[in-house]
Amino acid sequence: MSEQQPTLLPYADPAFVADPFPLYRQLREDGPVRRVVVAGGLDAWLVTRYEDGLAALSDSRLSSDVRDASDSRILRQLPETERDSMLSNMLRTDPPDHTRLRRLVSQAFTARRVAGMRPRIQAITDGLLDAVAPAGRADLVADFALPLPVTVISELLGVPVDERRDFQQWTDRMLRRGVEPPDPAVVNEAWQHMRAYLTGLIHAKRSHPGDDLLSGLVAARDAQQRLSEDELIAMVFLLLVAGYITTVNLIGTGIATLLAHPDQLDLLRCDPELLPGAVEEFLRYDGPVSPGIARFAREDVEIAGVAVPRGATVLIGSAVADRDPERFPDPDRLDITRKDNAHLAFGHGIHYCLGAPLARLEGQIAIGTVLRRLPGLALAADPDGIRRRPGGLRGPESLPVTFTPGG
């Protein structure tokens with residue numbers, strides 16, 4: 001086949017950031033694997049269709065390790081002296097290291113263990129809504145969708161209350177994705193703050209262990225030497241970051257999507273038992289990662305009949321594939337009663353999101369409680385004026401709403 005001309009994903013265009021799905025649809029119709037240019041001029045190969053994406057997520061020829069990428073711009077976004085330590089986590093390793101690292105934390109995120117967290121998550125949710133309910137207006141991102149998962153993951157790991165804002169700010173500086181890639185100097189400064197903080201926190205847990213996940217990881221590292229110090233720091237960083245960012249987007253997007261689809265909102269209000277399926281539909285319809293999940297070709301590989309060269313960045317387009325009409329009938333329609341909704345928002349295969357049960361539970365409790373406690377809920381701004389975060393982590397930056405005071 002002839003050489004493809006890459007398509008720019010125009011993150012500088014507010015219309016694309018607000019609704020990338022028409023362009024995603026065109027790319028999917030053009031072919032199963034399309035060359036695209038993402039933030040910072042990075043050339044990537046976007047897998048656009050569901051069955052191909054499912055297969056690619058289980059393909060061992062596609063690595064999770066950024067160091068397998070041939071484009072040096074990816075690694076230049078990270079400070080050279082800290083690359084190895086920043087990448088020593090489950091998200092960016094392959095077996096056997098990935099298997100060892102994941103095994104150490106998997107018991108903390110089983111469906112049964114997460115279900116036991118329901119009363120505490122409900123209490124945090126109610127406390128946040130208690131603070132805003134009398135006012136009759138709120139920003140449901142800043143006042144609710146953000147502090148809820150931050151509190152939950154911080155309590156799970158054992159991060160003190162008065163230290164949570166700091167790690168959140170450092171994370172924002174490191175992971176801010178927009179039209180341009182992160183500034184390595186900014187990333188390095190934020191990482192040095194984060195590394196120093198986590199080193200101190202680990203030392204405190206080593207001296208005074210508690211009944212939390214971080215104390216358990218420290219004990220595993222000290223007793224069995226299954227984690228290096230760099231791996232321990234990278235693991236805690238990943239759990240803190242992954243434990244809240246995508247869940248913020250799930251909650252914010254879920255509420256915004258319902259308010260933009262009053263028929264579905266009414267249906268859910270009338271039948272709260274639809275809530276678990278509704279959360280799955282929000283994840284399929286407008287998931288928290290866009291356009292998809294990055295992998296790197298270890299060797300020349302053929303995907304859906306398209307030759308992809310060794311070292312290429314492959315974007316497995318979960319946001320694109322989750323609207324594939326070959327897999328999901330009428331995919332551009334929000335349908336909270338949709339059955340057989342096996343979306344790719346949490347990935348697939350050995351890297352399937354470890355925190356998926358926790359994210360689902362937080363989303364169900366958060367959205368269900370908002371609908372129950374904030375009657376007359378409505379957007380306080382034009383729906384087209386709701387700003388979305390540009391880049392790979394997709395969700396509303398703010399969500400101003402009004403409602404009947406009381407709650």
# chains A, B, ... in the order shown; residues from 1 in each chain; ligands from 1
>>> select_by_dssp(residues="stretch 165-297 of chain A", states="strand (DSSP E)", output="number ranges by chain")
A: 293-297
>>> write_last_selection(atoms="all heavy atoms", output="compact mmCIF listing (two decimals), in the first residue's frame")
# COMPACT_ATOMS: atom_id res chain seq x y z
N ILE A 293 -4.26 4.15 24.21
CA ILE A 293 -3.22 3.60 25.07
C ILE A 293 -1.96 3.39 24.26
O ILE A 293 -1.98 2.74 23.21
CB ILE A 293 -3.71 2.26 25.67
CG1 ILE A 293 -5.01 2.48 26.44
CG2 ILE A 293 -2.64 1.63 26.56
CD1 ILE A 293 -5.79 1.20 26.69
N ALA A 294 -0.83 3.92 24.73
CA ALA A 294 0.42 3.88 23.97
C ALA A 294 1.16 2.56 24.16
O ALA A 294 1.28 2.05 25.28
CB ALA A 294 1.32 5.04 24.39
N ARG A 295 1.65 2.03 23.06
CA ARG A 295 2.55 0.89 23.05
C ARG A 295 3.67 1.20 22.04
O ARG A 295 3.55 2.13 21.23
CB ARG A 295 1.82 -0.40 22.65
CG ARG A 295 0.78 -0.87 23.64
CD ARG A 295 1.39 -1.43 24.90
NE ARG A 295 0.39 -2.02 25.78
CZ ARG A 295 -0.22 -1.37 26.77
NH1 ARG A 295 0.07 -0.08 26.96
NH2 ARG A 295 -1.10 -1.97 27.54
N PHE A 296 4.73 0.38 22.06
CA PHE A 296 5.90 0.63 21.23
C PHE A 296 6.34 -0.69 20.59
O PHE A 296 6.52 -1.69 21.29
CB PHE A 296 7.02 1.25 22.07
CG PHE A 296 6.53 2.43 22.87
CD1 PHE A 296 6.14 2.26 24.20
CD2 PHE A 296 6.40 3.67 22.29
CE1 PHE A 296 5.64 3.33 24.92
CE2 PHE A 296 5.90 4.74 23.01
CZ PHE A 296 5.51 4.58 24.33
N ALA A 297 6.49 -0.67 19.26
CA ALA A 297 6.77 -1.90 18.52
C ALA A 297 8.19 -2.38 18.81
O ALA A 297 9.16 -1.69 18.51
CB ALA A 297 6.56 -1.66 17.03
>>> residues_around(residues="A:Leu393", least_positions_apart="2", cutoff="7 Å", atoms="only C-alpha atoms", output="list of chain:residue names")
A:Pro288, A:Val289, A:Ser290, A:Arg389, A:Gly391, A:Gly395
>>> write_last_selection(atoms="N, CA, C and O atoms", output="PDB file, in the first residue's frame")
ATOM      1  N   PRO A 288     -12.114   8.326  29.880  1.00  0.00           N
ATOM      2  CA  PRO A 288     -11.170   9.291  30.453  1.00  0.00           C
ATOM      3  C   PRO A 288      -9.813   9.341  29.772  1.00  0.00           C
ATOM      4  O   PRO A 288      -8.994  10.189  30.114  1.00  0.00           O
ATOM      5  N   VAL A 289      -9.540   8.447  28.807  1.00  0.00           N
ATOM      6  CA  VAL A 289      -8.285   8.457  28.063  1.00  0.00           C
ATOM      7  C   VAL A 289      -8.605   8.582  26.584  1.00  0.00           C
ATOM      8  O   VAL A 289      -9.434   7.836  26.055  1.00  0.00           O
ATOM      9  N   SER A 290      -7.940   9.546  25.900  1.00  0.00           N
ATOM     10  CA  SER A 290      -8.251   9.785  24.494  1.00  0.00           C
ATOM     11  C   SER A 290      -6.994  10.290  23.780  1.00  0.00           C
ATOM     12  O   SER A 290      -6.311  11.178  24.304  1.00  0.00           O
ATOM     13  N   ARG A 389     -10.122  19.150  29.110  1.00  0.00           N
ATOM     14  CA  ARG A 389      -8.665  19.130  29.117  1.00  0.00           C
ATOM     15  C   ARG A 389      -8.172  18.640  27.763  1.00  0.00           C
ATOM     16  O   ARG A 389      -8.595  17.591  27.294  1.00  0.00           O
ATOM     17  N   GLY A 391      -5.575  16.857  25.150  1.00  0.00           N
ATOM     18  CA  GLY A 391      -4.575  15.815  25.271  1.00  0.00           C
ATOM     19  C   GLY A 391      -5.134  14.496  25.747  1.00  0.00           C
ATOM     20  O   GLY A 391      -6.329  14.247  25.693  1.00  0.00           O
ATOM     21  N   GLY A 395     -11.361  15.062  30.166  1.00  0.00           N
ATOM     22  CA  GLY A 395     -12.419  15.305  31.133  1.00  0.00           C
ATOM     23  C   GLY A 395     -12.644  16.792  31.268  1.00  0.00           C
ATOM     24  O   GLY A 395     -11.829  17.601  30.812  1.00  0.00           O
TER      25      GLY A 395
END
>>> select_by_dssp(residues="stretch 278-310 of chain A", states="helix (DSSP H, G or I)", output="VMD selection string")
chain A and resid 278 to 285
>>> residues_around(residues="A:His348", least_positions_apart="2", cutoff="9 Å", atoms="only C-alpha atoms", output="NGL selection string")
:A and (54-55 or 57-58 or 344-346 or 350-353)
>>> closest_atom_pairs(of="stretch 157-218 of chain A", to="stretch 95-112 of chain A", cutoff="10 Å", atoms="only C-alpha atoms", output="Markdown table")
| residue | atom | partner | partner_atom | distance |
| --- | --- | --- | --- | --- |
| A:Asp212 | CA | A:Ala108 | CA | 9.5 |
| A:Leu213 | CA | A:Ala108 | CA | 7.2 |
| A:Leu214 | CA | A:Val105 | CA | 9.6 |
| A:Gly216 | CA | A:Val105 | CA | 8.9 |
| A:Leu217 | CA | A:Leu104 | CA | 7.3 |
>>> closest_residue(among="A:Ala381, A:Ala123, A:Ala56, A:Leu358", to="A:Arg137", atoms="only C-alpha atoms")
A:Ala381
>>> closest_residue(among="A:Tyr244, A:Gly116, A:Val186, A:Phe328", to="A:Gln168", atoms="only C-alpha atoms")
A:Tyr244
>>> residues_around(residues="A:Pro149", least_positions_apart="4", cutoff="10 Å", atoms="only C-alpha atoms", output="NGL selection string")
:A and (121 or 124-125 or 144-145 or 153-155 or 240 or 243-248 or 251 or 358-359 or 362-363 or 366)
>>> residues_around(residues="A:Ile303", least_positions_apart="6", cutoff="12 Å", atoms="only C-alpha atoms", output="VMD selection string")
chain A and resid 31 to 34 45 to 49 51 to 57 59 61 to 62 297 309 314 to 316
>>> closest_atom_pairs(of="stretch 241-347 of chain A", to="stretch 7-30 of chain A", cutoff="10 Å", atoms="only C-alpha atoms", output="tab-separated table")
residue	atom	partner	partner_atom	distance
A:Tyr285	CA	A:Phe21	CA	9.8
A:Asp286	CA	A:Phe21	CA	9.1
A:Ser290	CA	A:Pro20	CA	8.9
A:Pro291	CA	A:Tyr24	CA	8.2
A:Gly317	CA	A:Tyr24	CA	9.0
A:Ala319	CA	A:Tyr24	CA	8.2
A:Val320	CA	A:Tyr24	CA	5.6
A:Ala321	CA	A:Arg28	CA	8.0
A:Arg323	CA	A:Arg25	CA	7.9
A:Asp324	CA	A:Arg28	CA	7.8
A:Pro325	CA	A:Arg25	CA	9.8
A:Asp332	CA	A:Phe21	CA	8.6
>>> atom_distance(atom1="atom CA of A:Arg310", atom2="atom CA of A:Ala234")
27.2 Å
>>> closest_residue(among="A:Pro276, A:Gly127, A:Gly355, A:Gly311", to="A:Gly368", atoms="only C-alpha atoms")
A:Pro276
>>> residues_around(residues="A:Asp340", least_positions_apart="4", cutoff="12 Å", atoms="only C-alpha atoms", output="JSON, numbers by chain")
{"A": [277, 280, 281, 284, 327, 328, 329, 335, 336]}
>>> write_last_selection(atoms="C-alpha atoms", output="compact mmCIF listing (two decimals), in the first residue's frame")
# COMPACT_ATOMS: atom_id res chain seq x y z
CA GLY A 277 -24.60 -0.09 33.42
CA GLU A 280 -20.00 1.44 31.77
CA GLU A 281 -21.76 3.44 29.06
CA ARG A 284 -17.53 3.65 26.43
CA ARG A 327 -18.96 -3.85 17.82
CA PHE A 328 -21.46 -1.38 19.30
CA PRO A 329 -24.77 -0.78 17.50
CA ASP A 335 -27.71 4.43 25.93
CA ILE A 336 -27.41 3.64 29.64
